[in-house]
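Report on one structure; see the data block that follows.
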Amino acid sequence: MATEFTSSSSSPTDRRLSALVRHLATSSPMMESQTTVTFSPTSGFHGDSVFSHVVRAPEDPILGVTVAYNKDPSPVKLNLGVGAYRTEEGKPLVLNVVRKAEQMLVNDRSRVKEYLPIVGLADFNKLSAKLIFGADSPAIRENRVTTVQCLSGTGSLRVGAEFLARHYHQRIIYIPQPTWGNHPKIFTLAGLSVKTYRYYDPVTRGLNFQGLLEDLSSAPSGSIVLLHACAHNPTGVDPTLQQWEQIRRLMRSKALLPFFDSAYQGFASGSLDADAQSVRMFFADGGECFVAQSYAKNMGLYGERVGALSVVCKTADVASRVESQLKLVIRPMFSNPPIHGASIVAAILKDRNLYNEWTVELKAMADRIISMRHKLFDALRARGTPGDWSHIIKQIGMFTFTGLNSEQVAFMTKEYHIYMTSDGRISMAGLSSKTVPHLADAIHATVTRIS
Amino acid sequence: MASSVLSLASATPSASLSSHEINKGKLNLGNAGLLFNKEKTNPFIKTKSCVRISMVVASNVSRFEGITMAPPDPILGVSEAFKADNHELKLNLGVGAYRTEELQPYVLNVVKKADKLILERGENREYLPIEGLAAFNKVTAELLFGADNPVIKQQRVATVQGLSGTGSLRLAAALIERYFSGAKVLISSPTWGNHKNIFNDARVPWSEYRYYDPKTVGLDFEGMIADIKAAPEGSFILLHGCAHNPTGIDPTSEQWGIIADVIQEKNHIPFFDIAYQGFASGSLDADAASVRMFVARGMEVIAAQSYSKNLGLYAERIGAINVVCSSPDAAARVKSQLKRIARPMYSNPPVHGARIVASVVGDPAIFKEWNAEMEMMAGRIKNVRQKLFDSLSSKDKSGKDWSFVLKQIGMFSFTGLNKAQCDNMTNKWHVYMTKDGRISLAGLSLAKCEYLADAIIDSYHNVS
């Protein structure tokens, strides 16, 4: 079970270590009886820090974009980095249904803050499974699905990956190229080894379907495959339903294990059902799969860290054993999950009026993003910006893979104060009608000056 | 793992396979076949898409068939058994959560106030930075070390919000695994059951130092010191800041000084788990004395905090990991590496509990009220200890010394009862506790002290 991380050894540390080894070679007999080969770097010199060898980690590349944006004093700056929804006024949005649900919770005098069970809030788990898999499914009725509350998408992926690294015979996971920046580290640290499958075609700015099929075909039987349920991050490029069906057939024929990352259900197209189609296709064929859900975007609960991991198993007995082992992963990681966000979600999902209200607010968010896509596309066309920009309206979800290279991105930031990740990804949620012209000008200037 | 391809047009509602078709295709569907036959309707009818779907069915055997059922959590099992018991005199002393005299869960008034304030403020739900809420990190370090502590002024503390005590310990464990490869953590014997799980999962080797002396129902101080001295130089020594869990036995101030001496001598690193600051004695400062002593000596210290008990925020999962370093530069570097560990684990921590703590500690009036509520909670537990001691002393004619009940501190008490005696407590007296002899005084009311005394005396003297 290999974990990959950069070693912290550097020459000052080596010097310290050799000095310490020399120093202690003649020390107490107890030291000589130690069989450890390397000398513990924790024994510092008097007055020196035991953390001297700890190097400064670089800023997270995605979150670092906002850090850089905040430092910029320019009045016309634009943050298209982090994937968090913004209103037309450029403000974060707390959904009305969320406020309503919270008011209900605060008013409920019977509520306590006792530890949740290790697997989380039972209502929340049941309702989350229903949301992604569909209201009336045999698998759920037959207790073949285990759902555990986790810390949003990241936490659900990590718990699932840790479980697989311990209990699954095939420790390779295939992730699409490109994928969300945090994916590789999540899986590596959990103990899986990461390989990629072709996904994005920079020439068409669309899906490299042939490459995808070839790479999954040549994957060892039983390999885990990470699939973005909808609104692929960072490209916004999704397979069509027909393509999903082909992927499903191929995967089932090779016993590849699907691990869905569903972070945008309802947020991509505006329809909760439409955005769950890919998952439901796999769910319906009776095979097994893992699904990580996040409520960060579709309920705007980013900071509350609400999510769920579902494991669909062949039998109820397997599901119950799997659940017992998931608990062993969770307990030494955080013991039991946070109650606040999950309570909000459960309150909304179980109340018909709140649920309907939610779907309306969700659609409004999705629609605003779609309209920004069209506005940007129109603005570039109006400027006669060279190139085919139709991918802006073909791609779906919060992000657009502009196709700009890192040099062009740097230019955009330096000259136009537009902040985005260096892979050319922009968050459409960060755009407004007012700021689209500025972005269009910037893109136009960039592609005409730099190639 | 054989897999087969089966094509099914999604036309007919009751598409089930006849055994003839199964044999023809040389398929061994097993359980999957049963599933198909069970379903009277084709599941595909429900999908909105009109794509003709082919059924490609993977192997009928679960890939997880070989997974064994994990044992139930030893502590949760106690509460479950308690629930199943219908006896009117039953008593749940397994619970690690505060209960009122009426044996109800307790949400602090200051927490209710904070919840309302937060709702009124209507703040956004944006992602926190990876290291957590800045306002929370500031107050949590000040609470633990003292606002005027030089280490804070000199910016030598790396503080990262964590998922209560467990999550904070886990971050530190991961840091140890990454940067102190081969170094061991020493944990007390006994200690909180989850400590070893945390270090096991983080792949940090651990061993135990003697702590509990069953003969005295007190601290085996000599054993503790000897074992800490014997550990390889540069080991991490896990210490309970106050209210040791599960024994309730804390070193005296003088003993803490000697422990610090030995740790310094051996260049060990003290690693505090502080889950009961303010909850043990009722005083935030008194309960932080051990940590502050070590810090005052200029030692580099790791300290994990939890607000589960002292603010009753159990389910909100709010805590912090603090690393006191010898320089601000080291603190900055350590903080950056803690963030690097958190990001692939859960990205950033939950905001709500952090806002509650920041609201309570940040408002002087509310902070004062909190101190009063903490004194009340700690006071109730002290009263219960006193009543239990009085009941035991007056009812037990054997002359056994029950004073350990008064000497121990915090939520838990190690009774000294062995497993058979604990079983008697449960089977005969319907008193539920963990099999190591630990009782939670938080789950005891004054009204039930006499009954409990009877049970303990009976189990101690009549069962071996």
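Letters for chains follow the order of the structure tokens (A, B, ...), residue numbers begin at 1 for each chain, and ligand numbers begin at 1 in the order shown.
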Give me, as an NGL selection string, the residues of region 196-244 of chain B that a backbone DSSP run labels strand (DSSP E).
:B and (206-210 or 212-213 or 218-219 or 236-240)
Write out as a list in words each polymer residue whose atoms come within 6 Å of region 208-225 of chain A, counting only C-alpha atoms; drop sequence neighbours fewer than 6 positions from it.
Gln170, Ile172, Ile173, Tyr174, Tyr197, Arg198, Tyr199, Tyr200, Asp201, Lys254, Ala255, Leu256, Leu257, Pro258 and Phe259 of chain A
Given only C-alpha atoms as the basis, pick out the residue of B:Ala81, B:Cys242, B:Met293, B:Val301 nearest to chain A.
B:Val301
Separation of CA of Thr400 (chain A) from CA of Leu380 (chain A), in Å and rounded to one decimal
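Between CA of Thr400 (chain A) and CA of Leu380 (chain A) the gap works out to 14.3 Å.
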Show which residues sit within 9 Å of Arg99 (chain A), as a ChimeraX atom specification. Count only C-alpha atoms, and ignore same-chain residues fewer than 6 positions away.
/A:344 /B:119,122
Determine, counting only C-alpha atoms, which protein, DNA and RNA residues have an atom within 9 Å of an atom of Asn348 (chain B); residues of the same chain fewer than 5 positions away are not included. Present the result as a list in words.
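What passes the distance filter is Leu151, Gly303 and Arg305 of chain A; Tyr127, Leu128, Pro129, Ile130, Glu131, Gly132, Gln161, Gly162, Lys339, Ala342 and Arg343 of chain B.
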For the selection just defined, write its residues with C-alpha atoms to a file, as a compact mmCIF listing (two decimals), in the first residue's frame.
```
# COMPACT_ATOMS: atom_id res chain seq x y z
CA LEU A 151 -17.52 15.57 5.08
CA GLY A 303 -18.66 25.45 4.57
CA ARG A 305 -19.28 20.11 4.81
CA TYR B 127 -15.75 27.39 2.33
CA LEU B 128 -13.58 28.14 5.31
CA PRO B 129 -9.85 28.30 4.62
CA ILE B 130 -8.26 24.86 5.00
CA GLU B 131 -7.01 25.84 8.46
CA GLY B 132 -10.50 26.83 9.58
CA GLN B 161 -9.29 23.92 13.32
CA GLY B 162 -10.00 20.19 13.43
CA LYS B 339 -3.17 22.13 5.86
CA ALA B 342 -6.36 18.26 5.84
CA ARG B 343 -6.99 19.09 2.19
```
I want to know what sits within 6 Å of region 306-323 of chain B, based on only C-alpha atoms, with residues of the same chain fewer than 2 positions away left out; could you give that as a list in words?
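Surrounding residues, per the criterion: Lys113, Glu114, Tyr115, Leu116, Pro338 and Ile339 of chain A; Val157, Ala158, Thr159, Val160, Gln161, Gly162, Leu163, Ser164, Gly165, Ser168, Ala275, Phe279, Val301, Ile302, Ala303, Ala304 and Gly353 of chain B.
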In Å, how far is it from CA of Arg248 (chain A) to CA of Gly134 (chain A)?
18.3 Å
Rounded to one decimal place, report the CA of Glu450 (chain B)-CA of Asp213 (chain B) distance in Å.
26.5 Å
Select, from B:Ile269, B:Val151, B:Val78, B:Leu284, the residue with the minimum atom-to-atom distance to chain A, counting only C-alpha atoms.
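Ranking B:Ile269, B:Val151, B:Val78, B:Leu284 by distance to chain A, first place goes to B:Ile269.
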Have a look at B:Pro349, B:Gly416, B:Gly443, B:Gly193 and name the one nearest to chain A; count only C-alpha atoms.
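Ranking B:Pro349, B:Gly416, B:Gly443, B:Gly193 by distance to chain A, first place goes to B:Pro349.
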